[in-house]
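Input: a single structure, listed below in structure tokens.
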There are 2 protein chains.
Amino acid sequence: MTADRPHVLLVEDDAAIRETTALLLQTHGFDVCVSADGQTGIDDFRAGRFDVALLDVMLPRIDGISLARLIRETSAIPIVLLSARSEPFDMVAGLEAGADDYVAKPFDGPVLAARLRAVLRRAGRHDAGGERLLRADGLEVDPAGMSARVGGEPVALTTTEARLLIELARNVGIVMNRATLLERVWDYRWDGDTRLVDVHVQRLRAKIGRERIETVRGAGYKLVG
Amino acid sequence: MTADRPHVLLVEDDAAIRETTALLLQTHGFDVCVSADGQTGIDDFRAGRFDVALLDVMLPRIDGISLARLIRETSAIPIVLLSARSEPFDMVAGLEAGADDYVAKPFDGPVLAARLRAVLRRAGRHDAGGERLLRADGLEVDPAGMSARVGGEPVALTTTEARLLIELARNVGIVMNRATLLERVWDYRWDGDTRLVDVHVQRLRAKIGRERIETVRGAGYKLVG
DNA sequence: CCAGCGATGTCACGGCTGTGTAACGGCCGG
DNA sequence: CCGGCCGTTACACAGCCGTGACATCGCTGG
């Protein structure tokens, strides 16, 4: 996977550092998505697909270590923490929270790039996509295993149903419109009018419980969580 | 893996640092084997089974970075480098050589232990390093011996079947697509359409029990666990 | 409050793709 | 020379997918 440029999620509140770091990473062969605080960081993370997360420790709204823990709940992608001071306590807490590396500011460009490549190399060695178990109210979705459980009981899903459920589970509580689902589950680009999504949502509902997928009229569907 | 104490290979020339570090690691729950220079380090590494290597950068006979590269030739265990000075150049070279982390001396005890646990946790997520017996629901697979047992009873496997089963067992519960299996078991790069995998999966199923390998239509196969 | 319309739920059906399975020939090692 | 493992091919079939038709729901404007 990701034969192209690795996709980095950079969460940093200092605008100057954010911009220079983003530029620096871009020149070193990474694609960068930036967020200014912890909350938008987790939102961005859930919205997109990233290969590695680069988080400042001191962040408004949600600090970097909590953010790392949140990401770890649903993903196994490598996480690198950034900190102004190299406090031992920070480091231990960060690593225990699930971070994979720790870089002290101010950092050297090539060093940062090398560390990112190092964690990516390690993560990619046994790919599997980097995702863990997604949970939503008694529902467990295993993206790597293409399987799901309701209240602990395994549910038999077809491939399309599984892919649809995984896509919904990646965005619990967020309304997914039909165009996006078509694109991500069926690789369609623009089918103006099709009942494909509707039908498969019904089939999914019949298997995992009708109330778990909510219809938002005129917008799409969302998985309750 | 390694439910017991992780086994650390420590290579450090300074006797005082070597002893205090070894003691420190032991109190933090690691088993330690020490070597005083690069040459004995690589000898010790080849002689024993280790979960992680902790290498000083400045070493007599063979320096730490070369040692890391030598280890990487035959093993995927995590490697942590130790250095007296945090020179950026060293760091980049070390990471590019295959090291997984980098700790500057003098280091803090808990920090070092936390970093070691972090790289071990990452390495342990999938197989890698000290690969022993893989288990999955009454099925035992021994990668080193290329053999398997079902409910304690040995099963005769051909080499291809064994390699396929090992690859599946390394990723229990994870769907493996045909392309990946072809690449890892048969060293194929891109055979667009072949039934090779299917046929061998059938043969495997006949030997270890049909229900143990699950078909995920349009995606691949997975070993249940 | 009602009528109308667009959006969604539900059902049934047929094509088709992907997979199971058996058989075969070649190659290698003993 | 022979046994058996491997890779290929052919064929059948299960069942999934996608489509269309029709029922229903829920806004919204009059």
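Each chain in the structure tokens gets a letter, A, B and so on, in the order shown; residues start at 1 in every chain, and ligands are counted from 1 in the order they appear.
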
At a cut-off of 12 Å, can you tabulate as a Markdown table every residue of chain B near chain D together with its closest atom pair and the distance in Å to one decimal, using only C-alpha atoms (C1' of nucleotides) and ordering rows by chain then number?
```
| residue | atom | partner | partner_atom | distance |
| --- | --- | --- | --- | --- |
| B:Leu157 | CA | D:DC5 | C1' | 10.7 |
| B:Thr158 | CA | D:DC5 | C1' | 7.5 |
| B:Thr159 | CA | D:DC5 | C1' | 9.1 |
| B:Thr160 | CA | D:DC6 | C1' | 8.6 |
| B:Glu161 | CA | D:DC5 | C1' | 10.3 |
| B:Trp186 | CA | D:DG7 | C1' | 11.3 |
| B:Asp193 | CA | D:DT8 | C1' | 11.6 |
| B:Thr194 | CA | D:DT8 | C1' | 8.7 |
| B:Arg195 | CA | D:DT8 | C1' | 8.2 |
| B:Leu196 | CA | D:DG7 | C1' | 6.8 |
| B:Val197 | CA | D:DG7 | C1' | 10.2 |
| B:Asp198 | CA | D:DG7 | C1' | 11.5 |
| B:Val199 | CA | D:DG7 | C1' | 9.3 |
| B:His200 | CA | D:DC6 | C1' | 9.4 |
| B:Arg203 | CA | D:DC5 | C1' | 11.5 |
| B:Val216 | CA | D:DC16 | C1' | 12.0 |
| B:Arg217 | CA | D:DC16 | C1' | 9.1 |
| B:Gly218 | CA | D:DC16 | C1' | 10.4 |
```

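Superposing chain A onto chain B by least squares over all C-alpha atoms, paired in sequence order, gives an RMSD of 15.2 Å.
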
Could you give me the residues within chain B that DSSP places in strand (DSSP E), as a PyMOL selection string? chain B and resi 7-11+31-35+52-56+79-83+101-104+134-135+139-142+147-150+153-155+213-216+220-223

Excluding Asp13 of chain A and any residue of its chain fewer than 3 positions from it, enumerate the residues within 7 Å of it, using only C-alpha atoms (C1' of nucleotides), and give them as JSON, numbers by chain. {"A": [36, 37, 59]}

Within 9 Å of chain B: residues of chain C, using only C-alpha atoms (C1' of nucleotides), as a PyMOL selection string: chain C and resi 18-21

Residues of segment 17-223 of chain A in helix (DSSP H, G or I), written as a PyMOL selection string: chain A and resi 17-27+38-47+64-74+88-96+109-125+128-130+159-169+178-186+196-208+210-212

Considering only C-alpha atoms (C1' of nucleotides), return as a PyMOL selection string whatever protein or nucleic-acid residues lie within 6 Å of segment 44-51 of chain A, sequence-local ones (same chain, fewer than 3 positions apart) excluded. chain A and resi 6-8+40-41

Write the residues of the selection above to a file with C-alpha atoms, as a CSV table (one decimal), in the first residue's frame.
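So part-v9.csv came out as:
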```csv
chain,number,residue,atom,x,y,z
A,6,PRO,CA,2.8,8.8,2.4
A,7,HIS,CA,0.0,10.8,3.9
A,8,VAL,CA,0.9,12.6,7.1
A,40,THR,CA,-10.0,19.3,14.5
A,41,GLY,CA,-7.1,16.9,14.6
```

Using only C-alpha atoms, determine which residues of chain B fall within 8 Å of chain A; present them as a VMD selection string. chain B and resid 88 to 89 91 to 92 95 to 96 98 to 101 108 110 to 111 114 to 115 118 to 119 122 126 173 to 175 216 to 219 222
